file query-v5.cif (mmCIF, C-alpha atoms and all ligand atoms)
data_query
loop_
_atom_site.label_atom_id
_atom_site.label_comp_id
_atom_site.auth_asym_id
_atom_site.auth_seq_id
_atom_site.Cartn_x
_atom_site.Cartn_y
_atom_site.Cartn_z
CA MET A 13 124.67 74.92 96.36
CA LYS A 14 125.67 78.55 96.13
CA ALA A 15 123.31 80.91 97.91
CA MET A 16 123.16 84.63 98.60
CA MET A 17 122.50 84.68 102.33
CA LEU A 18 121.20 87.41 104.61
CA ARG A 19 122.32 86.87 108.22
CA GLY A 20 120.15 89.63 109.64
CA PRO A 21 118.52 92.96 108.85
CA ASN A 22 120.77 95.73 107.57
CA LEU A 23 123.62 93.40 106.69
CA PRO A 24 125.22 92.86 103.28
CA PHE A 25 124.53 89.70 101.30
CA GLU A 26 126.98 86.87 101.87
CA MET A 27 127.71 84.43 99.05
CA THR A 28 127.84 81.10 100.81
CA THR A 29 127.61 77.37 100.16
CA VAL A 30 124.78 75.45 101.81
CA PRO A 31 123.53 71.86 101.36
CA ASP A 32 121.34 71.31 98.30
CA PRO A 33 117.67 71.19 99.33
CA VAL A 34 116.04 67.75 99.24
CA ALA A 35 112.36 67.38 98.34
CA GLY A 36 110.41 65.81 101.21
CA PRO A 37 106.87 64.45 100.90
CA GLY A 38 104.64 66.99 99.15
CA GLU A 39 107.58 69.18 98.16
CA ALA A 40 109.49 69.94 94.99
CA VAL A 41 112.88 71.44 94.20
CA ALA A 42 113.60 73.71 91.26
CA ARG A 43 116.85 74.96 89.77
CA VAL A 44 116.59 78.75 89.80
CA ILE A 45 117.27 80.57 86.52
CA THR A 46 116.35 84.15 87.53
CA CYS A 47 114.80 85.89 90.51
CA GLY A 48 113.24 89.36 90.59
CA SER A 49 114.71 92.03 92.90
CA GLY A 50 111.95 94.40 93.99
CA LEU A 51 111.40 96.80 96.85
CA THR A 52 109.31 94.26 98.81
CA ILE A 53 112.36 92.10 99.38
CA GLN A 54 114.67 95.09 99.80
CA HIS A 55 112.42 96.01 102.76
CA ILE A 56 113.53 92.72 104.40
CA LYS A 57 117.20 93.42 103.74
CA ALA A 58 116.84 96.95 105.13
CA GLY A 59 115.02 95.70 108.25
CA ARG A 60 111.75 97.46 107.41
CA ARG A 61 109.84 94.22 107.06
CA LYS A 62 110.00 91.32 109.49
CA ALA A 63 111.55 88.03 108.46
CA THR A 64 113.43 85.24 110.17
CA PHE A 65 117.18 84.99 109.60
CA PRO A 66 119.43 83.62 108.25
CA ARG A 67 117.37 83.85 105.11
CA ILE A 68 117.67 83.44 101.34
CA ILE A 69 115.24 86.02 99.98
CA GLY A 70 113.50 86.31 96.60
CA HIS A 71 110.18 85.07 95.25
CA GLU A 72 109.75 86.19 91.63
CA ILE A 73 111.50 83.15 90.22
CA THR A 74 111.81 81.37 86.96
CA GLY A 75 113.17 77.88 87.35
CA GLU A 76 112.98 74.27 86.28
CA ILE A 77 111.86 71.42 88.50
CA VAL A 78 114.69 68.99 89.26
CA ALA A 79 113.07 66.75 91.87
CA VAL A 80 109.68 66.03 93.40
CA GLY A 81 108.98 64.38 96.74
CA ALA A 82 106.64 61.52 97.60
CA GLY A 83 102.98 62.08 96.83
CA VAL A 84 103.52 64.97 94.42
CA SER A 85 101.45 64.91 91.27
CA GLY A 86 101.21 67.47 88.50
CA LEU A 87 104.91 68.40 88.54
CA LYS A 88 107.87 66.55 87.08
CA ALA A 89 111.57 67.14 86.45
CA GLY A 90 112.10 69.55 83.57
CA ASP A 91 108.89 71.55 84.07
CA GLY A 92 109.35 75.32 83.73
CA VAL A 93 107.94 77.00 86.83
CA THR A 94 107.50 80.18 88.78
CA ALA A 95 106.26 80.52 92.35
CA TYR A 96 103.15 81.78 94.12
CA TYR A 97 104.35 84.31 96.69
CA TYR A 98 102.19 83.22 99.65
CA LEU A 99 102.63 79.92 101.47
CA ASN A 100 98.87 79.34 101.56
CA CYS A 101 97.38 76.10 102.89
CA GLY A 102 95.15 75.26 99.93
CA HIS A 103 92.42 73.81 102.17
CA CYS A 104 90.80 76.57 104.24
CA ARG A 105 87.58 78.43 103.50
CA TYR A 106 89.41 81.26 101.73
CA CYS A 107 91.76 79.06 99.74
CA LEU A 108 88.74 77.08 98.58
CA SER A 109 86.92 80.31 97.71
CA ASN A 110 89.62 81.45 95.26
CA LEU A 111 90.81 84.03 97.81
CA GLU A 112 94.18 82.46 98.65
CA PRO A 113 95.85 85.65 99.91
CA LEU A 114 93.34 85.63 102.79
CA CYS A 115 94.32 82.06 103.83
CA LEU A 116 93.56 81.33 107.49
CA ASN A 117 96.58 79.05 107.90
CA THR A 118 99.18 81.00 105.98
CA GLY A 119 102.76 79.95 106.44
CA GLY A 120 104.00 83.39 105.45
CA ASN A 121 105.80 84.24 102.24
CA VAL A 122 108.35 82.65 99.95
CA GLY A 123 111.73 84.20 100.70
CA MET A 124 110.61 85.44 104.13
CA GLU A 125 109.38 82.53 106.23
CA CYS A 126 111.09 79.96 104.01
CA ASP A 127 114.12 80.29 101.75
CA GLY A 128 113.60 81.85 98.36
CA GLY A 129 115.19 82.32 94.97
CA TYR A 130 118.59 83.93 95.59
CA ALA A 131 120.24 80.50 95.37
CA GLU A 132 120.92 77.79 92.82
CA TYR A 133 117.96 75.73 94.03
CA ILE A 134 114.68 76.43 95.79
CA LYS A 135 112.52 73.96 97.70
CA LEU A 136 108.83 74.72 98.21
CA PRO A 137 105.59 72.85 98.91
CA ALA A 138 104.73 71.52 95.46
CA HIS A 139 101.43 73.44 95.24
CA ILE A 140 103.33 76.74 95.56
CA PHE A 141 105.05 76.17 92.20
CA LEU A 142 103.10 77.31 89.14
CA LYS A 143 103.89 75.71 85.80
CA TYR A 144 104.40 78.04 82.86
CA PRO A 145 102.08 77.42 79.95
CA ASP A 146 103.66 76.38 76.63
CA THR A 147 102.75 79.80 75.27
CA LEU A 148 105.39 81.54 77.40
CA ASP A 149 109.05 81.20 76.39
CA TYR A 150 110.53 81.24 79.89
CA LYS A 151 113.90 80.06 78.58
CA LYS A 152 114.23 83.08 76.32
CA HIS A 153 112.76 85.63 78.78
CA PRO A 154 113.26 84.14 82.25
CA ALA A 155 113.50 87.46 84.12
CA GLU A 156 110.38 88.91 82.48
CA MET A 157 108.32 85.75 83.01
CA GLY A 158 109.50 85.49 86.63
CA VAL A 159 108.08 88.86 87.67
CA ILE A 160 104.58 88.19 86.30
CA THR A 161 103.49 86.58 89.61
CA ASP A 162 103.90 89.85 91.52
CA ALA A 163 104.90 92.95 89.53
CA LEU A 164 102.32 92.33 86.82
CA ALA A 165 99.63 90.23 88.52
CA THR A 166 99.30 92.57 91.52
CA PRO A 167 98.26 95.53 89.33
CA PHE A 168 95.96 93.27 87.33
CA LYS A 169 94.19 92.18 90.51
CA VAL A 170 93.78 95.85 91.53
CA LEU A 171 91.85 96.51 88.32
CA ARG A 172 89.34 93.90 89.39
CA ARG A 173 89.29 94.95 93.04
CA ALA A 174 88.50 98.56 92.08
CA GLU A 175 86.25 97.55 89.19
CA VAL A 176 88.19 99.75 86.77
CA LYS A 177 86.22 100.26 83.58
CA GLY A 178 87.17 101.77 80.25
CA GLY A 179 86.88 105.54 80.51
CA ASP A 180 87.64 105.70 84.24
CA THR A 181 90.34 108.09 85.39
CA VAL A 182 92.92 106.18 87.42
CA ALA A 183 95.65 107.87 89.47
CA VAL A 184 98.60 105.78 90.61
CA ILE A 185 100.58 107.09 93.59
CA GLY A 186 104.12 105.75 93.52
CA ALA A 187 103.80 105.24 89.78
CA GLY A 188 107.56 105.22 89.20
CA GLY A 189 108.10 102.17 91.41
CA GLY A 190 108.53 98.62 90.18
CA VAL A 191 104.87 97.65 90.66
CA GLY A 192 103.53 101.18 90.11
CA ILE A 193 104.83 101.35 86.57
CA HIS A 194 103.19 98.02 85.79
CA GLN A 195 99.98 99.46 87.27
CA LEU A 196 100.13 102.25 84.68
CA MET A 197 100.56 99.62 81.99
CA MET A 198 97.61 97.57 83.23
CA ALA A 199 95.34 100.60 83.69
CA LYS A 200 96.12 101.69 80.13
CA TRP A 201 95.39 98.16 78.97
CA ALA A 202 91.98 98.53 80.69
CA ASN A 203 91.30 101.68 78.62
CA ALA A 204 91.43 104.04 81.57
CA ARG A 205 92.79 107.56 81.53
CA VAL A 206 95.97 107.18 83.56
CA ILE A 207 97.65 109.72 85.85
CA ALA A 208 101.08 108.95 87.32
CA VAL A 209 101.95 110.51 90.69
CA ASP A 210 105.51 110.27 91.97
CA ILE A 211 108.28 112.28 93.58
CA ALA A 212 110.85 111.01 91.06
CA LYS A 213 110.53 113.31 88.05
CA GLU A 214 113.24 111.37 86.24
CA LYS A 215 110.83 108.41 86.06
CA PHE A 216 108.12 110.37 84.22
CA GLU A 217 109.37 109.53 80.73
CA ALA A 218 109.18 105.83 81.59
CA CYS A 219 105.74 106.42 83.16
CA ARG A 220 104.49 107.98 79.91
CA LYS A 221 105.93 105.11 77.91
CA ALA A 222 104.14 102.67 80.22
CA GLY A 223 100.82 104.40 79.59
CA ALA A 224 100.50 107.55 81.73
CA ASP A 225 98.53 110.33 80.03
CA ASP A 226 99.58 112.85 82.69
CA CYS A 227 102.27 112.97 85.36
CA VAL A 228 102.07 114.81 88.70
CA ASP A 229 105.28 115.70 90.51
CA ALA A 230 104.30 115.13 94.14
CA ARG A 231 107.39 116.95 95.40
CA SER A 232 106.43 120.31 93.96
CA ASN A 233 102.63 119.95 93.76
CA ASP A 234 99.67 119.59 96.06
CA VAL A 235 98.59 116.13 94.83
CA THR A 236 94.88 116.57 95.59
CA GLY A 237 94.82 119.94 93.84
CA ALA A 238 96.67 118.60 90.82
CA LEU A 239 94.30 115.64 90.48
CA MET A 240 91.30 117.94 90.83
CA ASP A 241 92.70 120.26 88.13
CA LEU A 242 93.36 117.35 85.78
CA THR A 243 89.75 116.20 86.16
CA LYS A 244 88.28 119.72 85.95
CA GLY A 245 87.14 119.53 89.57
CA ARG A 246 85.27 116.24 89.18
CA GLY A 247 87.80 114.11 91.05
CA VAL A 248 89.32 110.83 89.92
CA ASP A 249 87.43 107.55 89.73
CA VAL A 250 90.19 105.41 91.22
CA VAL A 251 93.30 106.20 93.27
CA ILE A 252 95.75 103.33 93.68
CA ASP A 253 98.28 104.06 96.40
CA TYR A 254 101.56 102.13 96.33
CA VAL A 255 103.16 104.44 98.91
CA CYS A 256 100.44 104.50 101.60
CA THR A 257 101.82 107.06 104.00
CA THR A 258 99.22 109.01 105.96
CA ALA A 259 99.84 111.97 103.64
CA THR A 260 99.47 110.07 100.35
CA LEU A 261 96.35 108.19 101.52
CA GLU A 262 94.68 111.39 102.67
CA ALA A 263 95.64 113.24 99.48
CA GLY A 264 94.25 110.34 97.44
CA ALA A 265 91.01 110.10 99.44
CA LYS A 266 90.37 113.83 98.99
CA ALA A 267 90.92 113.57 95.24
CA LEU A 268 88.14 111.00 94.74
CA GLY A 269 85.06 111.95 92.77
CA ARG A 270 81.58 110.53 93.00
CA ARG A 271 81.68 106.72 93.26
CA GLY A 272 85.45 107.08 93.66
CA ARG A 273 87.51 104.14 94.93
CA LEU A 274 90.74 104.37 96.92
CA VAL A 275 92.88 101.24 96.83
CA VAL A 276 95.30 100.71 99.70
CA LEU A 277 98.15 98.27 99.09
CA GLY A 278 101.77 97.83 99.87
CA GLY A 279 104.12 100.49 101.12
CA ALA A 280 103.77 101.81 104.62
CA ALA A 281 99.98 101.20 104.98
CA LYS A 282 99.71 103.85 107.70
CA PRO A 283 96.49 104.97 109.46
CA PHE A 284 94.71 107.88 107.78
CA GLN A 285 91.55 109.93 107.95
CA ALA A 286 88.89 109.98 105.27
CA SER A 287 85.73 112.05 105.21
CA GLY A 288 82.66 110.09 106.29
CA ILE A 289 80.38 112.65 104.71
CA ASP A 290 82.21 112.37 101.36
CA MET A 291 81.99 108.58 101.51
CA LEU A 292 78.26 108.85 102.14
CA THR A 293 77.22 111.66 99.83
CA LYS A 294 79.56 110.65 96.98
CA GLU A 295 79.21 106.88 97.52
CA GLN A 296 82.94 106.43 97.74
CA SER A 297 84.74 103.21 98.64
CA LEU A 298 87.93 102.49 100.56
CA LEU A 299 89.44 99.18 99.49
CA GLY A 300 92.39 97.06 100.50
CA SER A 301 94.05 94.81 97.93
CA ARG A 302 96.26 91.97 99.04
CA TYR A 303 98.47 90.16 96.48
CA VAL A 304 96.68 87.95 93.92
CA THR A 305 95.03 84.60 93.38
CA ARG A 306 96.52 81.84 91.24
CA ALA A 307 93.68 82.39 88.79
CA GLU A 308 94.77 86.01 88.36
CA ILE A 309 98.34 84.87 87.66
CA LEU A 310 97.10 82.42 85.04
CA THR A 311 95.15 85.22 83.36
CA CYS A 312 98.29 87.38 83.38
CA PHE A 313 100.21 84.52 81.74
CA ASP A 314 97.66 84.70 78.93
CA LEU A 315 97.88 88.50 78.65
CA VAL A 316 101.67 88.30 78.31
CA ALA A 317 101.50 85.35 75.91
CA ARG A 318 99.23 87.25 73.54
CA GLY A 319 101.33 90.41 73.81
CA ASP A 320 98.76 92.66 75.52
CA VAL A 321 101.29 93.60 78.19
CA TRP A 322 104.96 92.85 78.72
CA PRO A 323 106.86 92.93 82.03
CA LEU A 324 109.37 95.76 82.24
CA VAL A 325 112.72 94.39 83.47
CA THR A 326 115.59 96.81 82.89
CA ASP A 327 118.52 95.57 84.97
CA VAL A 328 119.51 91.90 85.05
CA ARG A 329 122.78 90.95 86.75
CA PRO A 330 124.50 87.80 87.99
CA LEU A 331 123.69 86.60 91.51
CA ALA A 332 127.12 87.72 92.69
CA GLU A 333 126.08 91.34 92.11
CA ALA A 334 123.04 91.20 94.41
CA GLU A 335 124.44 93.80 96.78
CA ALA A 336 125.05 96.39 94.05
CA LEU A 337 121.65 95.70 92.52
CA HIS A 338 119.88 96.12 95.86
CA GLU A 339 121.66 99.44 96.40
CA ARG A 340 120.04 100.63 93.17
CA VAL A 341 116.64 99.29 94.31
CA GLU A 342 117.03 101.04 97.69
CA ARG A 343 117.81 104.34 95.98
CA GLY A 344 114.81 103.98 93.68
CA GLU A 345 117.03 104.05 90.58
CA VAL A 346 115.61 101.01 88.82
CA THR A 347 112.95 101.59 86.17
CA GLY A 348 110.45 98.73 86.33
CA ARG A 349 111.95 95.60 87.83
CA ALA A 350 115.49 94.39 88.38
CA ALA A 351 116.40 90.71 88.49
CA LEU A 352 119.29 88.42 89.28
CA ARG A 353 120.49 85.76 86.88
CA VAL A 354 121.26 82.70 88.96
CA SER A 355 122.05 80.05 86.33
ZN ZN B 401 94.18 78.47 103.30
#
call {"tool": "encode", "arguments": {"input": "query-v5.cif", "output": "structure tokens"}}
result
Amino acid sequence: MKAMMLRGPNLPFEMTTVPDPVAGPGEAVARVITCGSGLTIQHIKAGRRKATFPRIIGHEITGEIVAVGAGVSGLKAGDGVTAYYYLNCGHCRYCLSNLEPLCLNTGGNVGMECDGGYAEYIKLPAHIFLKYPDTLDYKKHPAEMGVITDALATPFKVLRRAEVKGGDTVAVIGAGGGVGIHQLMMAKWANARVIAVDIAKEKFEACRKAGADDCVDARSNDVTGALMDLTKGRGVDVVIDYVCTTATLEAGAKALGRRGRLVVLGGAAKPFQASGIDMLTKEQSLLGSRYVTRAEILTCFDLVARGDVWPLVTDVRPLAEAEALHERVERGEVTGRAALRVS
């Protein structure tokens, strides 16, 4: 099969031919139709996130099952599928508690510790594939459906993690990014007042379209001060930080109001200081949010199927153009998600 290979960090993609994957016991193989191209996987290419090489990256796939190995039930050739991002075991205490991202026996991630979607075929443990419901037309919108498992489901999970309620004020730091913009969309869907914070002013129009009521330019503003002004000194109910440098986390923590919640996820996830006295006297919470459960993905399938939200994919190119597309992702030029069309 044709595959877009990475031989090591900081190297260009190499279009190569490798043997077609064969489904062993408990495994399945899918023909890849599209695969999302987000910053998470660009971090691997740029050497900012560890992976083993050579590697075929990519996890936000839409595909069709072509073969299943011995002992596999619940999947058959022709099924439209996407993939769960974590190679969770399915059997440990956390997997059995509907907390699969906290799996004790994790095998890593699709497209990092095993080959992913930048190839004509992908082989995964069968339980990692998720079948699309009949209500989603994955053939007509493969790129959009393929990014639900991460770009859309991750923000949905954050709403639950931070217990976002209608009427809450929610600030999203890194709102112009591929997941950040979907977070605006989901927070709006949850009837929150939504504030976008980003350094990329050119993304603000898209942020407003996605649901932001206000936008804060973090390059020319003191973020804490701006959030305090926008809430008339009360502070925001929820800060969701997709950048997670020490500076953004501390600015977010200081902007929390009473019962405020700061959600740490993705990005740099650097150490930071928060005020113990504010946490105590204002009953604030610091929360981490790690990926999503399968149940959350299934709920997002339903939200998309009924038209409540729709994944924002603005740049879809053939697999051969992976390098050019990743240059755009690296420079932060893509609005929403980009994706590669594989077949
Ligand atoms: Zn597990």
call {"tool": "atom_distance", "arguments": {"input": "query-v5.cif", "atom1": "atom CA of Leu116 of chain A", "atom2": "atom CA of Tyr303 of chain A"}}
result
14.9 Å
call {"tool": "residues_near_ligand", "arguments": {"input": "query-v5.cif", "ligand": "ligand ZN 401 (chain B)", "cutoff": "8 Å", "atoms": "only C-alpha atoms and all ligand atoms", "output": "list in words"}}
result
Asn100, Cys101, Gly102, His103, Cys104, Arg105, Tyr106, Cys107, Leu108, Glu112, Leu114, Cys115, Leu116, Asn117 and Thr118 of chain A
call {"tool": "write_last_selection", "arguments": {"input": "query-v5.cif", "atoms": "C-alpha atoms", "output": "mmCIF file, keeping the file's coordinate frame"}}
result
data_model
loop_
_atom_site.group_PDB
_atom_site.id
_atom_site.type_symbol
_atom_site.label_atom_id
_atom_site.label_comp_id
_atom_site.auth_asym_id
_atom_site.auth_seq_id
_atom_site.Cartn_x
_atom_site.Cartn_y
_atom_site.Cartn_z
ATOM 1 C CA ASN A 100 98.870 79.340 101.560
ATOM 2 C CA CYS A 101 97.380 76.100 102.890
ATOM 3 C CA GLY A 102 95.150 75.260 99.930
ATOM 4 C CA HIS A 103 92.420 73.810 102.170
ATOM 5 C CA CYS A 104 90.800 76.570 104.240
ATOM 6 C CA ARG A 105 87.580 78.430 103.500
ATOM 7 C CA TYR A 106 89.410 81.260 101.730
ATOM 8 C CA CYS A 107 91.760 79.060 99.740
ATOM 9 C CA LEU A 108 88.740 77.080 98.580
ATOM 10 C CA GLU A 112 94.180 82.460 98.650
ATOM 11 C CA LEU A 114 93.340 85.630 102.790
ATOM 12 C CA CYS A 115 94.320 82.060 103.830
ATOM 13 C CA LEU A 116 93.560 81.330 107.490
ATOM 14 C CA ASN A 117 96.580 79.050 107.900
ATOM 15 C CA THR A 118 99.180 81.000 105.980
#
call {"tool": "closest_residue", "arguments": {"input": "query-v5.cif", "among": "A:Val316, A:Val30, A:Ala155, A:Leu23", "to": "Ser355 of chain A", "atoms": "all atoms listed in the file"}}
result
A:Ala155
call {"tool": "atom_distance", "arguments": {"input": "query-v5.cif", "atom1": "atom CA of Thr293 of chain A", "atom2": "atom CA of Thr260 of chain A"}}
result
22.3 Å
call {"tool": "closest_residue", "arguments": {"input": "query-v5.cif", "among": "A:Glu342, A:Glu262, A:Glu175, A:Glu156", "to": "Lys282 of chain A", "atoms": "only C-alpha atoms"}}
result
A:Glu262
call {"tool": "closest_residue", "arguments": {"input": "query-v5.cif", "among": "A:Glu214, A:Ala263, A:Ala224, A:His153", "to": "Gly237 of chain A", "atoms": "all atoms listed in the file"}}
result
A:Ala263
call {"tool": "decode", "arguments": {"input": "query-v5.cif", "residues": "segment 298-331 of chain A", "atoms": "N, CA and C atoms", "output": "short mmCIF file (atom, residue, chain, number, x, y, z; two decimals), in the first residue's frame"}}
result
data_model
loop_
_atom_site.label_atom_id
_atom_site.label_comp_id
_atom_site.auth_asym_id
_atom_site.auth_seq_id
_atom_site.Cartn_x
_atom_site.Cartn_y
_atom_site.Cartn_z
N LEU A 298 -9.41 23.26 40.13
CA LEU A 298 -8.46 23.05 39.05
C LEU A 298 -8.70 21.63 38.53
N LEU A 299 -8.93 21.51 37.23
CA LEU A 299 -9.30 20.22 36.66
C LEU A 299 -8.41 19.88 35.47
N GLY A 300 -8.06 18.60 35.37
CA GLY A 300 -7.44 18.12 34.14
C GLY A 300 -8.49 17.40 33.32
N SER A 301 -8.35 17.43 32.00
CA SER A 301 -9.30 16.71 31.14
C SER A 301 -8.50 15.97 30.08
N ARG A 302 -8.64 14.66 30.08
CA ARG A 302 -7.84 13.84 29.19
C ARG A 302 -8.73 13.11 28.18
N TYR A 303 -8.62 13.49 26.91
CA TYR A 303 -9.35 12.88 25.80
C TYR A 303 -10.81 12.59 26.18
N VAL A 304 -11.37 11.51 25.70
CA VAL A 304 -12.82 11.27 25.85
C VAL A 304 -13.08 9.77 26.03
N THR A 305 -14.29 9.46 26.43
CA THR A 305 -14.69 8.05 26.46
C THR A 305 -15.43 7.72 25.16
N ARG A 306 -15.58 6.43 24.91
CA ARG A 306 -16.36 6.03 23.72
C ARG A 306 -17.80 6.54 23.83
N ALA A 307 -18.32 6.51 25.06
CA ALA A 307 -19.71 6.97 25.24
C ALA A 307 -19.84 8.43 24.82
N GLU A 308 -18.81 9.23 25.12
CA GLU A 308 -18.87 10.65 24.72
C GLU A 308 -18.81 10.79 23.20
N ILE A 309 -18.05 9.93 22.55
CA ILE A 309 -18.01 9.97 21.08
C ILE A 309 -19.38 9.60 20.51
N LEU A 310 -20.00 8.58 21.09
CA LEU A 310 -21.31 8.17 20.58
C LEU A 310 -22.33 9.30 20.75
N THR A 311 -22.25 10.02 21.86
CA THR A 311 -23.16 11.16 22.04
C THR A 311 -22.87 12.23 20.99
N CYS A 312 -21.59 12.46 20.71
CA CYS A 312 -21.25 13.46 19.67
C CYS A 312 -21.74 13.03 18.30
N PHE A 313 -21.70 11.74 18.00
CA PHE A 313 -22.30 11.25 16.75
C PHE A 313 -23.75 11.71 16.67
N ASP A 314 -24.47 11.56 17.78
CA ASP A 314 -25.88 11.94 17.79
C ASP A 314 -26.05 13.45 17.60
N LEU A 315 -25.20 14.23 18.27
CA LEU A 315 -25.31 15.70 18.14
C LEU A 315 -25.09 16.13 16.70
N VAL A 316 -24.12 15.50 16.03
CA VAL A 316 -23.85 15.85 14.63
C VAL A 316 -25.00 15.36 13.74
N ALA A 317 -25.49 14.15 14.02
CA ALA A 317 -26.55 13.58 13.19
C ALA A 317 -27.80 14.46 13.24
N ARG A 318 -28.09 15.04 14.41
CA ARG A 318 -29.30 15.86 14.47
C ARG A 318 -29.03 17.32 14.17
N GLY A 319 -27.80 17.65 13.80
CA GLY A 319 -27.48 18.99 13.31
C GLY A 319 -27.26 20.02 14.40
N ASP A 320 -27.07 19.60 15.64
CA ASP A 320 -26.80 20.56 16.72
C ASP A 320 -25.45 21.23 16.52
N VAL A 321 -24.46 20.46 16.13
CA VAL A 321 -23.12 20.97 15.85
C VAL A 321 -22.61 20.28 14.58
N TRP A 322 -21.63 20.94 13.95
CA TRP A 322 -21.08 20.37 12.72
C TRP A 322 -19.58 20.62 12.70
N PRO A 323 -18.78 19.56 12.50
CA PRO A 323 -17.32 19.75 12.52
C PRO A 323 -16.87 20.72 11.43
N LEU A 324 -15.91 21.57 11.82
CA LEU A 324 -15.42 22.60 10.91
C LEU A 324 -14.12 22.12 10.25
N VAL A 325 -14.23 21.65 9.02
CA VAL A 325 -13.05 21.20 8.26
C VAL A 325 -12.93 22.10 7.04
N THR A 326 -11.82 22.83 6.94
CA THR A 326 -11.74 23.88 5.91
C THR A 326 -10.69 23.63 4.85
N ASP A 327 -9.86 22.60 5.02
CA ASP A 327 -8.80 22.36 4.03
C ASP A 327 -8.60 20.86 3.89
N VAL A 328 -9.11 20.30 2.79
CA VAL A 328 -8.96 18.87 2.55
C VAL A 328 -8.13 18.68 1.28
N ARG A 329 -7.04 17.94 1.39
CA ARG A 329 -6.13 17.75 0.26
C ARG A 329 -5.78 16.28 0.09
N PRO A 330 -5.28 15.92 -1.08
CA PRO A 330 -4.85 14.52 -1.27
C PRO A 330 -3.65 14.17 -0.37
N LEU A 331 -3.51 12.90 -0.08
CA LEU A 331 -2.43 12.42 0.79
C LEU A 331 -1.06 12.93 0.33
#
